[in-house]
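Source file: my_file_35.cif; contents: mmCIF, C-alpha atoms.
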data_work
loop_
_atom_site.group_PDB
_atom_site.id
_atom_site.type_symbol
_atom_site.label_atom_id
_atom_site.label_comp_id
_atom_site.auth_asym_id
_atom_site.auth_seq_id
_atom_site.Cartn_x
_atom_site.Cartn_y
_atom_site.Cartn_z
ATOM 1 C CA ARG A 19 29.489 -17.961 115.144
ATOM 2 C CA ARG A 20 26.387 -18.990 113.241
ATOM 3 C CA ARG A 21 26.558 -15.824 111.158
ATOM 4 C CA ARG A 22 30.204 -16.552 110.331
ATOM 5 C CA ARG A 23 29.299 -20.082 109.240
ATOM 6 C CA ARG A 24 26.467 -18.772 107.078
ATOM 7 C CA ARG A 25 28.804 -16.243 105.452
ATOM 8 C CA ARG A 26 31.347 -18.972 104.752
ATOM 9 C CA ARG A 27 28.644 -21.171 103.227
ATOM 10 C CA ARG A 28 27.427 -18.303 101.034
ATOM 11 C CA ARG A 29 30.971 -17.644 99.819
ATOM 12 C CA ARG A 30 31.358 -21.335 98.946
ATOM 13 C CA VAL A 31 28.050 -21.307 97.097
ATOM 14 C CA VAL A 32 29.019 -18.252 95.040
ATOM 15 C CA ALA A 33 32.414 -19.742 94.180
ATOM 16 C CA VAL A 34 30.978 -23.084 93.132
ATOM 17 C CA VAL A 35 28.159 -21.523 91.115
ATOM 18 C CA ALA A 36 30.629 -19.320 89.266
ATOM 19 C CA ALA A 37 32.981 -22.212 88.545
ATOM 20 C CA SER A 38 30.102 -24.404 87.475
ATOM 21 C CA ALA A 39 28.813 -21.768 85.078
ATOM 22 C CA VAL A 40 32.218 -21.502 83.397
ATOM 23 C CA ALA A 41 32.549 -25.266 83.117
ATOM 24 C CA GLY A 42 28.978 -25.669 81.965
ATOM 25 C CA ALA A 43 29.502 -23.183 79.143
ATOM 26 C CA LEU A 44 32.119 -25.510 77.714
ATOM 27 C CA VAL A 45 29.868 -28.561 77.793
ATOM 28 C CA ALA A 46 27.340 -29.194 75.030
ATOM 29 C CA ALA A 47 23.820 -29.773 76.255
ATOM 30 C CA ALA A 48 23.473 -33.535 76.230
ATOM 31 C CA GLY A 49 21.466 -36.158 78.087
ATOM 32 C CA CYS A 50 17.838 -35.168 78.143
ATOM 33 C CA GLY A 51 19.063 -31.585 77.852
ATOM 34 C CA GLY A 52 19.459 -32.073 74.126
ATOM 35 C CA VAL A 53 15.815 -33.022 73.859
ATOM 36 C CA ALA A 54 14.695 -29.912 75.701
ATOM 37 C CA ALA A 55 16.963 -27.623 73.694
ATOM 38 C CA ALA A 56 15.656 -29.052 70.420
ATOM 39 C CA GLU A 57 12.074 -28.310 71.456
ATOM 40 C CA MET A 58 12.722 -24.698 72.525
ATOM 41 C CA SER A 59 11.663 -21.868 70.234
ATOM 42 C CA ASP A 60 14.286 -19.508 68.795
ATOM 43 C CA SER A 61 13.314 -16.789 71.260
ATOM 44 C CA GLU A 62 13.562 -19.163 74.196
ATOM 45 C CA SER A 63 16.943 -20.502 73.127
ATOM 46 C CA ASP A 64 18.367 -16.956 73.159
ATOM 47 C CA ASP A 65 17.445 -16.460 76.802
ATOM 48 C CA SER A 66 19.587 -17.342 79.794
ATOM 49 C CA GLY A 67 20.367 -20.948 80.723
ATOM 50 C CA ASP A 68 17.879 -20.714 83.575
ATOM 51 C CA ASN A 69 15.072 -21.494 81.118
ATOM 52 C CA LEU A 70 16.500 -24.954 80.632
ATOM 53 C CA GLY A 71 15.611 -25.932 84.189
ATOM 54 C CA PHE A 72 16.543 -29.550 84.793
ATOM 55 C CA PHE A 73 18.196 -29.720 81.361
ATOM 56 C CA ASN A 74 20.738 -26.988 82.077
ATOM 57 C CA PRO A 75 24.181 -28.584 81.560
ATOM 58 C CA ASP A 76 25.559 -26.433 84.392
ATOM 59 C CA LEU A 77 23.785 -28.774 86.796
ATOM 60 C CA PHE A 78 25.904 -31.688 85.655
ATOM 61 C CA THR A 79 29.350 -30.113 85.788
ATOM 62 C CA SER A 80 31.513 -28.953 88.639
ATOM 63 C CA ASN A 81 35.203 -28.413 89.293
ATOM 64 C CA VAL A 82 34.927 -29.147 93.012
ATOM 65 C CA GLU A 83 37.782 -31.379 94.124
ATOM 66 C CA LEU A 84 36.812 -35.049 94.162
ATOM 67 C CA GLU A 85 37.068 -37.264 97.201
ATOM 68 C CA ARG A 86 38.063 -40.924 97.017
ATOM 69 C CA ASP A 87 36.504 -43.476 99.309
ATOM 70 C CA ALA A 88 34.936 -46.938 99.377
ATOM 71 C CA PHE A 89 31.244 -47.764 99.634
ATOM 72 C CA THR A 90 30.578 -51.125 101.241
ATOM 73 C CA PHE A 91 27.540 -53.398 101.142
ATOM 74 C CA ASP A 92 28.376 -56.350 103.392
ATOM 75 C CA ASP A 93 31.377 -57.905 101.629
ATOM 76 C CA LEU A 94 30.905 -55.865 98.451
ATOM 77 C CA ARG A 95 33.319 -52.928 98.214
ATOM 78 C CA VAL A 96 33.158 -50.221 95.522
ATOM 79 C CA GLU A 97 35.953 -47.629 95.223
ATOM 80 C CA LEU A 98 34.826 -44.255 93.896
ATOM 81 C CA GLN A 99 35.922 -40.730 93.140
ATOM 82 C CA PHE A 100 32.986 -38.470 93.955
ATOM 83 C CA ILE A 101 31.734 -35.287 95.629
ATOM 84 C CA HIS A 102 30.141 -35.673 99.045
ATOM 85 C CA ASN A 103 26.593 -34.346 98.927
ATOM 86 C CA SER A 104 27.295 -32.020 101.860
ATOM 87 C CA ASN A 105 29.663 -30.071 99.580
ATOM 88 C CA GLN A 106 27.086 -29.533 96.850
ATOM 89 C CA PHE A 107 25.707 -26.017 96.408
ATOM 90 C CA VAL A 108 22.006 -25.806 97.285
ATOM 91 C CA ASP A 109 20.134 -29.038 96.580
ATOM 92 C CA ARG A 110 21.150 -29.516 92.975
ATOM 93 C CA PHE A 111 22.073 -32.769 91.369
ATOM 94 C CA VAL A 112 25.351 -33.302 89.572
ATOM 95 C CA SER A 113 26.920 -36.393 88.147
ATOM 96 C CA ARG A 114 29.683 -36.418 90.746
ATOM 97 C CA VAL A 115 27.466 -36.851 93.811
ATOM 98 C CA VAL A 116 26.495 -40.253 95.232
ATOM 99 C CA TRP A 117 22.764 -40.048 95.937
ATOM 100 C CA PRO A 118 20.833 -42.287 98.361
ATOM 101 C CA SER A 119 18.881 -44.248 95.746
ATOM 102 C CA ALA A 120 22.067 -45.579 94.167
ATOM 103 C CA GLN A 121 23.223 -46.960 97.505
ATOM 104 C CA GLU A 122 19.851 -48.563 98.230
ATOM 105 C CA MET A 123 19.768 -50.127 94.774
ATOM 106 C CA CYS A 124 23.206 -51.625 95.424
ATOM 107 C CA THR A 125 21.823 -53.145 98.618
ATOM 108 C CA PHE A 126 18.904 -54.588 96.656
ATOM 109 C CA PHE A 127 21.100 -56.233 94.021
ATOM 110 C CA LYS A 128 23.458 -57.521 96.705
ATOM 111 C CA ALA A 129 20.449 -59.342 98.211
ATOM 112 C CA HIS A 130 19.138 -60.420 94.773
ATOM 113 C CA PRO A 131 22.146 -61.250 92.595
ATOM 114 C CA GLU A 132 19.930 -63.482 90.429
ATOM 115 C CA GLU A 133 18.568 -60.300 88.869
ATOM 116 C CA ILE A 134 21.928 -59.426 87.323
ATOM 117 C CA VAL A 135 24.404 -62.360 87.449
ATOM 118 C CA GLY A 136 25.530 -63.225 83.928
ATOM 119 C CA LYS A 137 23.250 -60.587 82.399
ATOM 120 C CA ARG A 138 23.826 -57.569 80.194
ATOM 121 C CA VAL A 139 23.165 -54.405 82.215
ATOM 122 C CA LEU A 140 22.940 -50.736 81.204
ATOM 123 C CA GLU A 141 22.722 -47.835 83.636
ATOM 124 C CA LEU A 142 21.100 -44.539 82.632
ATOM 125 C CA GLY A 143 22.374 -41.373 84.295
ATOM 126 C CA SER A 144 25.160 -43.326 85.953
ATOM 127 C CA GLY A 145 26.751 -40.332 87.679
ATOM 128 C CA THR A 146 29.682 -41.769 89.616
ATOM 129 C CA GLY A 147 28.817 -45.277 88.389
ATOM 130 C CA LEU A 148 28.246 -46.685 91.882
ATOM 131 C CA CYS A 149 25.289 -48.910 91.022
ATOM 132 C CA GLY A 150 26.538 -50.059 87.625
ATOM 133 C CA ILE A 151 29.999 -50.848 88.991
ATOM 134 C CA ALA A 152 28.431 -52.717 91.918
ATOM 135 C CA VAL A 153 26.431 -55.005 89.640
ATOM 136 C CA GLY A 154 29.583 -55.613 87.613
ATOM 137 C CA LEU A 155 31.387 -56.725 90.772
ATOM 138 C CA LEU A 156 28.373 -58.859 91.713
ATOM 139 C CA GLY A 157 28.677 -60.898 88.547
ATOM 140 C CA ALA A 158 26.873 -59.155 85.684
ATOM 141 C CA GLY A 159 28.112 -60.433 82.355
ATOM 142 C CA TYR A 160 28.585 -56.960 80.909
ATOM 143 C CA VAL A 161 27.816 -53.413 82.116
ATOM 144 C CA ALA A 162 27.418 -50.224 80.076
ATOM 145 C CA LEU A 163 27.590 -46.997 82.091
ATOM 146 C CA THR A 164 26.035 -43.928 80.473
ATOM 147 C CA ASP A 165 25.702 -40.235 81.223
ATOM 148 C CA ASN A 166 25.040 -37.021 79.366
ATOM 149 C CA ASN A 167 28.449 -35.435 78.729
ATOM 150 C CA ASP A 168 32.068 -36.298 78.135
ATOM 151 C CA GLU A 169 33.239 -35.107 81.567
ATOM 152 C CA ALA A 170 30.807 -37.417 83.330
ATOM 153 C CA VAL A 171 31.720 -40.337 81.080
ATOM 154 C CA ALA A 172 35.427 -39.779 81.771
ATOM 155 C CA LEU A 173 34.756 -40.037 85.519
ATOM 156 C CA LEU A 174 32.734 -43.226 84.946
ATOM 157 C CA ALA A 175 35.675 -44.763 83.087
ATOM 158 C CA GLU A 176 38.078 -43.797 85.886
ATOM 159 C CA ASN A 177 35.825 -45.289 88.562
ATOM 160 C CA ALA A 178 35.356 -48.497 86.594
ATOM 161 C CA LYS A 179 39.138 -48.740 86.296
ATOM 162 C CA LEU A 180 39.531 -48.231 90.062
ATOM 163 C CA ASN A 181 37.425 -51.375 90.546
ATOM 164 C CA LYS A 182 39.371 -53.423 87.967
ATOM 165 C CA LEU A 183 36.322 -54.334 85.888
ATOM 166 C CA GLY A 184 38.287 -54.365 82.660
ATOM 167 C CA GLU A 185 36.457 -54.887 79.373
ATOM 168 C CA LYS A 186 33.266 -56.111 81.032
ATOM 169 C CA CYS A 187 32.399 -52.492 81.893
ATOM 170 C CA THR A 188 32.429 -49.640 79.366
ATOM 171 C CA SER A 189 31.333 -45.984 79.539
ATOM 172 C CA HIS A 190 29.309 -44.057 76.957
ATOM 173 C CA THR A 191 27.603 -40.741 76.307
ATOM 174 C CA HIS A 192 23.856 -41.076 75.823
ATOM 175 C CA MET A 193 21.136 -38.459 75.428
ATOM 176 C CA TRP A 194 17.854 -39.735 76.841
ATOM 177 C CA GLY A 195 15.166 -40.159 74.233
ATOM 178 C CA ASP A 196 17.599 -40.244 71.294
ATOM 179 C CA THR A 197 16.863 -43.682 69.854
ATOM 180 C CA GLU A 198 19.206 -43.162 66.929
ATOM 181 C CA SER A 199 22.217 -42.735 69.196
ATOM 182 C CA ALA A 200 20.892 -45.609 71.316
ATOM 183 C CA ASP A 201 20.935 -47.862 68.254
ATOM 184 C CA LYS A 202 24.560 -46.910 67.601
ATOM 185 C CA LEU A 203 25.472 -47.741 71.193
ATOM 186 C CA ILE A 204 23.603 -51.050 70.990
ATOM 187 C CA GLU A 205 25.466 -51.949 67.814
ATOM 188 C CA ALA A 206 28.819 -50.924 69.308
ATOM 189 C CA VAL A 207 28.394 -53.128 72.391
ATOM 190 C CA GLY A 208 26.892 -56.142 70.644
ATOM 191 C CA GLY A 209 23.184 -56.020 71.444
ATOM 192 C CA LYS A 210 20.408 -54.905 73.771
ATOM 193 C CA PHE A 211 20.211 -55.453 77.518
ATOM 194 C CA ASP A 212 18.535 -57.756 80.007
ATOM 195 C CA VAL A 213 18.511 -55.070 82.707
ATOM 196 C CA VAL A 214 18.413 -51.268 82.676
ATOM 197 C CA ILE A 215 18.961 -49.284 85.892
ATOM 198 C CA GLY A 216 18.127 -45.695 86.843
ATOM 199 C CA THR A 217 18.620 -44.213 90.314
ATOM 200 C CA ASP A 218 17.654 -40.676 91.350
ATOM 201 C CA VAL A 219 17.110 -39.713 87.718
ATOM 202 C CA VAL A 220 13.537 -38.329 87.865
ATOM 203 C CA TYR A 221 13.407 -34.690 88.974
ATOM 204 C CA GLU A 222 11.243 -32.888 86.427
ATOM 205 C CA PRO A 223 8.253 -33.943 84.278
ATOM 206 C CA GLU A 224 10.198 -33.060 81.115
ATOM 207 C CA CYS A 225 12.669 -35.855 81.735
ATOM 208 C CA VAL A 226 10.174 -38.678 82.196
ATOM 209 C CA ASN A 227 9.371 -39.446 78.553
ATOM 210 C CA PRO A 228 13.010 -39.295 77.330
ATOM 211 C CA LEU A 229 14.137 -41.466 80.249
ATOM 212 C CA LEU A 230 11.490 -44.162 79.743
ATOM 213 C CA THR A 231 11.919 -44.025 75.968
ATOM 214 C CA SER A 232 15.610 -44.838 76.335
ATOM 215 C CA ALA A 233 14.991 -47.520 78.944
ATOM 216 C CA ARG A 234 12.441 -49.263 76.733
ATOM 217 C CA HIS A 235 14.651 -48.982 73.657
ATOM 218 C CA PHE A 236 17.668 -50.537 75.355
ATOM 219 C CA LEU A 237 15.719 -53.485 76.788
ATOM 220 C CA LYS A 238 15.552 -56.811 75.025
ATOM 221 C CA ASN A 239 12.130 -58.207 74.241
ATOM 222 C CA GLY A 240 10.938 -60.848 76.685
ATOM 223 C CA ASP A 241 12.089 -61.160 80.266
ATOM 224 C CA SER A 242 13.953 -57.857 80.596
ATOM 225 C CA LYS A 243 13.512 -55.266 83.336
ATOM 226 C CA PHE A 244 14.038 -51.585 84.057
ATOM 227 C CA PHE A 245 14.762 -50.915 87.744
ATOM 228 C CA LEU A 246 13.954 -47.336 88.766
ATOM 229 C CA ALA A 247 14.583 -45.868 92.236
ATOM 230 C CA ASN A 248 14.123 -42.253 93.354
ATOM 231 C CA HIS A 249 14.261 -40.458 96.679
ATOM 232 C CA THR A 250 10.685 -39.672 97.742
ATOM 233 C CA VAL A 251 11.578 -36.064 98.592
ATOM 234 C CA ARG A 252 12.376 -35.350 94.942
ATOM 235 C CA TYR A 253 10.140 -37.945 93.287
ATOM 236 C CA GLY A 254 6.926 -37.115 95.144
ATOM 237 C CA GLY A 255 4.268 -35.883 92.715
ATOM 238 C CA LEU A 256 6.150 -37.097 89.628
ATOM 239 C CA GLU A 257 4.984 -40.707 89.836
ATOM 240 C CA LYS A 258 1.792 -39.794 87.949
ATOM 241 C CA TYR A 259 3.889 -38.672 84.970
ATOM 242 C CA VAL A 260 5.890 -41.881 85.149
ATOM 243 C CA LYS A 261 2.743 -44.025 85.203
ATOM 244 C CA GLN A 262 1.212 -42.130 82.285
ATOM 245 C CA GLU A 263 4.308 -42.291 80.103
ATOM 246 C CA ALA A 264 4.911 -45.955 80.957
ATOM 247 C CA VAL A 265 1.413 -46.865 79.776
ATOM 248 C CA GLU A 266 1.842 -44.904 76.542
ATOM 249 C CA LEU A 267 5.197 -46.566 75.881
ATOM 250 C CA GLY A 268 3.908 -50.078 76.580
ATOM 251 C CA LEU A 269 5.839 -50.592 79.800
ATOM 252 C CA ASP A 270 4.172 -52.471 82.651
ATOM 253 C CA GLU A 271 5.056 -50.968 86.027
ATOM 254 C CA THR A 272 5.184 -52.898 89.265
ATOM 255 C CA VAL A 273 5.410 -50.527 92.225
ATOM 256 C CA MET A 274 7.498 -52.170 94.926
ATOM 257 C CA PRO A 275 7.334 -51.404 98.660
ATOM 258 C CA SER A 276 9.292 -48.271 99.489
ATOM 259 C CA ILE A 277 12.829 -48.791 100.702
ATOM 260 C CA VAL A 278 13.418 -47.122 104.055
ATOM 261 C CA GLY A 279 17.080 -46.167 104.243
ATOM 262 C CA GLU A 280 19.279 -44.005 106.444
ATOM 263 C CA ASP A 281 18.617 -40.949 104.260
ATOM 264 C CA GLY A 282 14.850 -41.328 103.995
ATOM 265 C CA ARG A 283 12.407 -43.255 101.870
ATOM 266 C CA ILE A 284 13.165 -44.477 98.356
ATOM 267 C CA ASP A 285 10.365 -45.117 95.842
ATOM 268 C CA PHE A 286 11.109 -48.210 93.770
ATOM 269 C CA SER A 287 9.461 -49.565 90.608
ATOM 270 C CA ILE A 288 10.242 -52.308 88.108
ATOM 271 C CA PHE A 289 9.130 -51.969 84.486
ATOM 272 C CA CYS A 290 8.794 -54.735 81.926
ATOM 273 C CA LYS A 291 7.863 -54.962 78.271
ATOM 274 C CA GLY A 292 4.508 -56.681 77.929
ATOM 275 C CA SER A 293 1.929 -57.840 80.472
ATOM 276 C CA ASP A 294 3.229 -61.396 80.834
ATOM 277 C CA SER A 295 6.452 -60.296 82.533
ATOM 278 C CA SER A 296 4.566 -57.879 84.778
ATOM 279 C CA ALA A 297 2.219 -60.593 86.022
ATOM 280 C CA GLU A 298 5.181 -62.710 87.046
ATOM 281 C CA LEU A 299 6.753 -59.839 88.977
ATOM 282 C CA SER A 300 3.594 -58.864 90.826
ATOM 283 C CA THR A 301 3.302 -62.244 92.527
ATOM 284 C CA ALA A 302 6.569 -61.957 94.428
ATOM 285 C CA LYS A 303 7.981 -59.328 96.760
ATOM 286 C CA PRO A 304 11.781 -59.228 97.138
ATOM 287 C CA ALA A 305 12.718 -60.155 100.675
ATOM 288 C CA ALA A 306 15.240 -57.313 100.902
ATOM 289 C CA LEU A 307 12.544 -54.682 100.496
ATOM 290 C CA THR A 308 10.588 -53.801 103.594
ATOM 291 C CA SER A 309 7.807 -51.256 103.605
ATOM 292 C CA GLU A 310 7.803 -48.396 106.085
ATOM 293 C CA ALA A 311 4.639 -49.745 107.740
ATOM 294 C CA GLU A 312 6.160 -53.187 108.155
ATOM 295 C CA ARG A 313 9.279 -51.735 109.746
ATOM 296 C CA GLU A 314 7.234 -49.721 112.178
ATOM 297 C CA GLY A 315 5.126 -52.778 113.023
ATOM 298 C CA SER A 316 8.180 -54.858 113.813
ATOM 299 C CA THR A 317 9.585 -52.365 116.315
#

Turn the structure described in the file into structure tokens.
Amino acid sequence: RRRRRRRRRRRRVVAVVAASAVAGALVAAAGCGGVAAAEMSDSESDDSGDNLGFFNPDLFTSNVELERDAFTFDDLRVELQFIHNSNQFVDRFVSRVVWPSAQEMCTFFKAHPEEIVGKRVLELGSGTGLCGIAVGLLGAGYVALTDNNDEAVALLAENAKLNKLGEKCTSHTHMWGDTESADKLIEAVGGKFDVVIGTDVVYEPECVNPLLTSARHFLKNGDSKFFLANHTVRYGGLEKYVKQEAVELGLDETVMPSIVGEDGRIDFSIFCKGSDSSAELSTAKPAALTSEAEREGST
């Protein structure tokens, strides 16, 4: 019986990989993939897509049938079309999967609506749009959802429509690190943002600089914040790259207590422009965040 199940799983993996490769061939390398492709030598660019690693557009496309369900956070309800992570081949990340960090970030903003109510919010690597849509429902003044290709952006628009956000939520293609395209987006939507969000978006060192560059560029000067959350399993070891790039880009990082959720531990940081904002953040710890040690001590 176990062998039969393994054979069935292998057949599903082969089918999904093949379909993904076909779909990925039709999608231009965008998101941070465009940055990587631009930096590759001519000889490298002629090789197979495997050399692109994290930036391979195949990782962000899939023709697997979407599910539709609601994600709830107390009285907050978000309707989504998505792929359940149990259906995903191996442990790859695609824009149609709802990952744990997005859900934990929704819980955080539900407990701290003052961080987003009435504010302009942009989400990087939105995926299904769960977190961005949630903050829109919680009272953000305006939300811009972004991802790295047209297919992903189309799904974001559909999910925003499911939740009846109307004109207060729009969807856009954005390639991390491309400040020229960021400026065009900023102009199109009427200005920079009070809050930028990224959840489960750090997987490889190559993505760190483009991600933080975009986050910094989209933020207003003054009291603006970039909220970054990543599952420890995938983020472990990459925090040193994040710290280094943040310093070089003039972003002050406040490392918050890890969030201990049903699917493991989530590493959570808040970045600000300038030291004054960072000092203010470091004096207060959000009540909704409880460290692993504190949870163990309370049991």

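Between Val135 (chain A) and the residues A:Pro118, A:Gly150, A:Gly159, A:Gly282, the shortest atom-to-atom distance, using all atoms listed in the file, involves A:Gly159.
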
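Closest approach to Glu176 (chain A) among A:Leu98, A:Leu256, A:Val219, A:Leu246 is made by A:Leu98 (distances from only C-alpha atoms).
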
Legend entry - Selection under test: the PyMOL selection byres ((chain A and resi 125) around 10); residues as a PyMOL selection string: chain A and resi 90-92+94+119-124+126-130+149+152+306-307

Inset, instruction - Find the residues near Leu148 (chain A): any atom within 12 Å, counting only C-alpha atoms, skip ones fewer than 3 places away on the same chain, and give them as a ChimeraX atom specification. - result: /A:87-91,94-100,113-125,141-145,151-155,161,163-164,173-178,180-181,215-217

Any chance you can output those residues with C-alpha atoms as a compact mmCIF listing (two decimals), keeping the file's coordinate frame?
# COMPACT_ATOMS: atom_id res chain seq x y z
CA ASP A 87 36.50 -43.48 99.31
CA ALA A 88 34.94 -46.94 99.38
CA PHE A 89 31.24 -47.76 99.63
CA THR A 90 30.58 -51.12 101.24
CA PHE A 91 27.54 -53.40 101.14
CA LEU A 94 30.90 -55.86 98.45
CA ARG A 95 33.32 -52.93 98.21
CA VAL A 96 33.16 -50.22 95.52
CA GLU A 97 35.95 -47.63 95.22
CA LEU A 98 34.83 -44.26 93.90
CA GLN A 99 35.92 -40.73 93.14
CA PHE A 100 32.99 -38.47 93.96
CA SER A 113 26.92 -36.39 88.15
CA ARG A 114 29.68 -36.42 90.75
CA VAL A 115 27.47 -36.85 93.81
CA VAL A 116 26.50 -40.25 95.23
CA TRP A 117 22.76 -40.05 95.94
CA PRO A 118 20.83 -42.29 98.36
CA SER A 119 18.88 -44.25 95.75
CA ALA A 120 22.07 -45.58 94.17
CA GLN A 121 23.22 -46.96 97.50
CA GLU A 122 19.85 -48.56 98.23
CA MET A 123 19.77 -50.13 94.77
CA CYS A 124 23.21 -51.62 95.42
CA THR A 125 21.82 -53.14 98.62
CA GLU A 141 22.72 -47.84 83.64
CA LEU A 142 21.10 -44.54 82.63
CA GLY A 143 22.37 -41.37 84.30
CA SER A 144 25.16 -43.33 85.95
CA GLY A 145 26.75 -40.33 87.68
CA ILE A 151 30.00 -50.85 88.99
CA ALA A 152 28.43 -52.72 91.92
CA VAL A 153 26.43 -55.00 89.64
CA GLY A 154 29.58 -55.61 87.61
CA LEU A 155 31.39 -56.72 90.77
CA VAL A 161 27.82 -53.41 82.12
CA LEU A 163 27.59 -47.00 82.09
CA THR A 164 26.04 -43.93 80.47
CA LEU A 173 34.76 -40.04 85.52
CA LEU A 174 32.73 -43.23 84.95
CA ALA A 175 35.67 -44.76 83.09
CA GLU A 176 38.08 -43.80 85.89
CA ASN A 177 35.83 -45.29 88.56
CA ALA A 178 35.36 -48.50 86.59
CA LEU A 180 39.53 -48.23 90.06
CA ASN A 181 37.42 -51.38 90.55
CA ILE A 215 18.96 -49.28 85.89
CA GLY A 216 18.13 -45.70 86.84
CA THR A 217 18.62 -44.21 90.31

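One finds CA of Thr250 (chain A) at 25.0 Å from CA of Ile134 (chain A).
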
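Of note, CA of Glu132 (chain A) and CA of Val213 (chain A) are spaced 11.5 Å apart.
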
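Note that the spacing between CA of Gly208 (chain A) and CA of Leu156 (chain A) amounts to 21.3 Å.
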